[in-house]
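Let me begin by presenting the structure, written as structure tokens, before commenting on it.
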Amino acid sequence: MNHDNDCIFCKIVKGELPCVKVFEDSLTLAFMDISPVAPGHVLIIPKGHYPDMLSVPTGQLKAVSRSVQAVAKACGEAFAPDGINVMQANGAAAGQTVFHLHVHVIPRNRGDGLRLHIESGPSAEAAHLEAIAARLRTVFES
Ligand code: 5GP
Ligand code: ZN
């Protein structure tokens with residue numbers, strides 16, 4: 001399995017740094033976030049080192065997705081929260097601080113005061129949306 005010697009999450013996978021483990025299978029590991037934004041805040045990672053969701057091979061992304069769902073369901077059963085956020089950042093501009101792919105599972109409760117929601121922007125004109133979508137479709141068609 002590929003690891004990066006300078007990566008803290010690789011060190012956790014290799015047992016060189018401690019973590020509070022929740023779940024693991026052959027390809028993934030789930031552990032408690034060291035600075036939780038809510039009780040039950042869990043991180044799910046592939047055991048191999050991939051900086052983000054764009055670089056991880058599809059098979060390992062599937063394994064991560066499976067574990068994310070398992071952890072989210074466990075979170076629902078264990079804590080019965082009002083809701084659950086599943087969040088993931090790619091790149092510093094998107095808020096990523098650890099550059100080993102990880103997905104956050106965060107139990108939510110009404111009035112918990114966390115501001116993690118995507119809030120809608122102003123409505124866009126259809127022509128504007130069409131022009132943006134055309135740029136994306138070009139990538140799929142090439
Ligand atoms: P990001 O901002 O990259 O989406 O999330 C990184 C997360 O990793 C943060 O929520 C942070 O609290 C958590 N984190 C950073 N270092 C460690 C660590 O050494 N152990 C654990 N368990 N979590 C960490
Ligand atoms: Zn790593």
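Identifiers for the structure tokens are assigned positionally: chains receive A, B, ... in sequence, residues are indexed from 1 per chain, and ligands are indexed from 1 in the order shown.
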
DSSP-assigned helix (DSSP H, G or I) among stretch 38-124 of chain A, expressed as a VMD selection string: chain A and resid 58 to 79 92 to 94

Every residue of stretch 7-104 of chain A that DSSP places in strand (DSSP E), as JSON, numbers by chain: {"A": [21, 22, 23, 24, 28, 29, 30, 31, 32, 42, 43, 44, 45, 46, 83, 84, 85, 86, 87, 103, 104]}

As a tab-separated table (two decimals) with N, CA, C and O atoms, in the first residue's frame, please: every protein or nucleic acid residue near ligand 2 (cut-off 10 Å, counting only C-alpha atoms and all ligand atoms).
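That gives us part09.tsv:
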chain	number	residue	atom	x	y	z
A	2	ASN	N	0.51	2.24	-0.81
A	2	ASN	CA	1.32	3.45	-0.93
A	2	ASN	C	1.12	4.38	0.26
A	2	ASN	O	-0.02	4.68	0.63
A	3	HIS	N	2.22	4.82	0.86
A	3	HIS	CA	2.14	5.76	1.97
A	3	HIS	C	3.08	6.93	1.71
A	3	HIS	O	4.02	6.82	0.94
A	4	ASP	N	2.78	8.05	2.38
A	4	ASP	CA	3.64	9.23	2.31
A	4	ASP	C	4.22	9.40	3.72
A	4	ASP	O	3.47	9.56	4.70
A	5	ASN	N	5.54	9.34	3.83
A	5	ASN	CA	6.18	9.35	5.15
A	5	ASN	C	5.92	10.62	5.95
A	5	ASN	O	6.04	10.63	7.17
A	6	ASP	N	5.55	11.71	5.26
A	6	ASP	CA	5.32	12.97	5.97
A	6	ASP	C	3.84	13.20	6.30
A	6	ASP	O	3.50	14.27	6.82
A	7	CYS	N	2.99	12.24	5.99
A	7	CYS	CA	1.54	12.45	6.12
A	7	CYS	C	1.04	11.93	7.47
A	7	CYS	O	1.28	10.77	7.82
A	8	ILE	N	0.33	12.78	8.22
A	8	ILE	CA	-0.12	12.35	9.56
A	8	ILE	C	-1.13	11.21	9.47
A	8	ILE	O	-1.13	10.32	10.33
A	9	PHE	N	-1.98	11.22	8.45
A	9	PHE	CA	-2.97	10.13	8.37
A	9	PHE	C	-2.29	8.82	7.94
A	9	PHE	O	-2.71	7.75	8.39
A	10	CYS	N	-1.25	8.88	7.12
A	10	CYS	CA	-0.49	7.66	6.82
A	10	CYS	C	0.17	7.13	8.10
A	10	CYS	O	0.22	5.92	8.32
A	11	LYS	N	0.66	8.05	8.93
A	11	LYS	CA	1.28	7.62	10.20
A	11	LYS	C	0.24	6.93	11.08
A	11	LYS	O	0.55	5.96	11.78
A	12	ILE	N	-0.99	7.42	11.06
A	12	ILE	CA	-2.07	6.77	11.82
A	12	ILE	C	-2.33	5.38	11.24
A	12	ILE	O	-2.44	4.39	11.99
A	13	VAL	N	-2.40	5.26	9.90
A	13	VAL	CA	-2.63	3.95	9.27
A	13	VAL	C	-1.53	2.97	9.68
A	13	VAL	O	-1.80	1.81	9.99
A	14	LYS	N	-0.28	3.46	9.70
A	14	LYS	CA	0.86	2.57	9.99
A	14	LYS	C	1.02	2.31	11.50
A	14	LYS	O	1.89	1.54	11.90
A	45	ILE	N	-10.98	7.38	6.02
A	45	ILE	CA	-9.89	7.55	5.05
A	45	ILE	C	-9.61	6.24	4.33
A	45	ILE	O	-9.86	5.15	4.88
A	46	PRO	N	-9.06	6.33	3.10
A	46	PRO	CA	-8.49	5.12	2.50
A	46	PRO	C	-7.16	4.84	3.19
A	46	PRO	O	-6.47	5.77	3.64
A	47	LYS	N	-6.77	3.57	3.30
A	47	LYS	CA	-5.49	3.26	3.96
A	47	LYS	C	-4.30	3.66	3.08
A	47	LYS	O	-3.22	3.94	3.58
A	48	GLY	N	-4.51	3.70	1.77
A	48	GLY	CA	-3.47	4.18	0.88
A	48	GLY	C	-3.45	5.70	0.85
A	48	GLY	O	-4.47	6.35	1.15
A	49	HIS	N	-2.30	6.26	0.51
A	49	HIS	CA	-2.19	7.73	0.49
A	49	HIS	C	-2.63	8.29	-0.86
A	49	HIS	O	-1.98	8.06	-1.88
A	50	TYR	N	-3.73	9.02	-0.84
A	50	TYR	CA	-4.19	9.80	-2.00
A	50	TYR	C	-4.56	11.17	-1.46
A	50	TYR	O	-5.31	11.26	-0.48
A	51	PRO	N	-4.04	12.24	-2.05
A	51	PRO	CA	-4.25	13.56	-1.47
A	51	PRO	C	-5.71	13.98	-1.39
A	51	PRO	O	-6.10	14.68	-0.45
A	52	ASP	N	-6.52	13.55	-2.34
A	52	ASP	CA	-7.89	14.06	-2.37
A	52	ASP	C	-8.77	13.14	-3.20
A	52	ASP	O	-8.32	12.11	-3.70
A	98	VAL	N	-5.56	18.65	5.77
A	98	VAL	CA	-4.76	17.42	5.76
A	98	VAL	C	-4.90	16.82	4.38
A	98	VAL	O	-6.02	16.51	3.93
A	99	PHE	N	-3.75	16.63	3.71
A	99	PHE	CA	-3.80	16.28	2.28
A	99	PHE	C	-3.67	14.77	2.07
A	99	PHE	O	-2.82	14.30	1.31
A	100	HIS	N	-4.51	14.05	2.81
A	100	HIS	CA	-4.77	12.62	2.62
A	100	HIS	C	-6.29	12.54	2.61
A	100	HIS	O	-6.93	12.95	3.60
A	101	LEU	N	-6.85	12.04	1.52
A	101	LEU	CA	-8.32	12.02	1.39
A	101	LEU	C	-8.99	11.61	2.70
A	101	LEU	O	-8.63	10.59	3.29
A	102	HIS	N	-9.97	12.39	3.12
A	102	HIS	CA	-10.77	12.02	4.29
A	102	HIS	C	-12.16	12.60	4.13
A	102	HIS	O	-12.35	13.65	3.53

Please build the interface table for chain A against ligand 1 with a cut-off of 7 Å, listing for each qualifying residue the nearest atom pair and the distance in Å to one decimal; count only C-alpha atoms and all ligand atoms, order rows by chain and increasing number, and write it as JSON lines.
{"residue": "A:Ile8", "atom": "CA", "partner": "ligand 1", "partner_atom_place_in_ligand_line": "19 (O)", "distance": 6.0}
{"residue": "A:Phe9", "atom": "CA", "partner": "ligand 1", "partner_atom_place_in_ligand_line": "19 (O)", "distance": 6.9}
{"residue": "A:Cys19", "atom": "CA", "partner": "ligand 1", "partner_atom_place_in_ligand_line": "22 (N)", "distance": 5.5}
{"residue": "A:Val20", "atom": "CA", "partner": "ligand 1", "partner_atom_place_in_ligand_line": "22 (N)", "distance": 6.9}
{"residue": "A:Phe31", "atom": "CA", "partner": "ligand 1", "partner_atom_place_in_ligand_line": "22 (N)", "distance": 6.2}
{"residue": "A:Met32", "atom": "CA", "partner": "ligand 1", "partner_atom_place_in_ligand_line": "22 (N)", "distance": 5.3}
{"residue": "A:Asp33", "atom": "CA", "partner": "ligand 1", "partner_atom_place_in_ligand_line": "22 (N)", "distance": 4.1}
{"residue": "A:Ile34", "atom": "CA", "partner": "ligand 1", "partner_atom_place_in_ligand_line": "22 (N)", "distance": 4.0}
{"residue": "A:Ser35", "atom": "CA", "partner": "ligand 1", "partner_atom_place_in_ligand_line": "12 (O)", "distance": 4.1}
{"residue": "A:Pro36", "atom": "CA", "partner": "ligand 1", "partner_atom_place_in_ligand_line": "12 (O)", "distance": 6.2}
{"residue": "A:Gln88", "atom": "CA", "partner": "ligand 1", "partner_atom_place_in_ligand_line": "4 (O)", "distance": 5.9}
{"residue": "A:Ala89", "atom": "CA", "partner": "ligand 1", "partner_atom_place_in_ligand_line": "4 (O)", "distance": 5.2}
{"residue": "A:Gly95", "atom": "CA", "partner": "ligand 1", "partner_atom_place_in_ligand_line": "2 (O)", "distance": 5.4}
{"residue": "A:Gln96", "atom": "CA", "partner": "ligand 1", "partner_atom_place_in_ligand_line": "3 (O)", "distance": 3.6}
{"residue": "A:Thr97", "atom": "CA", "partner": "ligand 1", "partner_atom_place_in_ligand_line": "3 (O)", "distance": 3.6}
{"residue": "A:Val98", "atom": "CA", "partner": "ligand 1", "partner_atom_place_in_ligand_line": "3 (O)", "distance": 4.1}
{"residue": "A:Phe99", "atom": "CA", "partner": "ligand 1", "partner_atom_place_in_ligand_line": "3 (O)", "distance": 6.6}
{"residue": "A:His102", "atom": "CA", "partner": "ligand 1", "partner_atom_place_in_ligand_line": "4 (O)", "distance": 6.9}
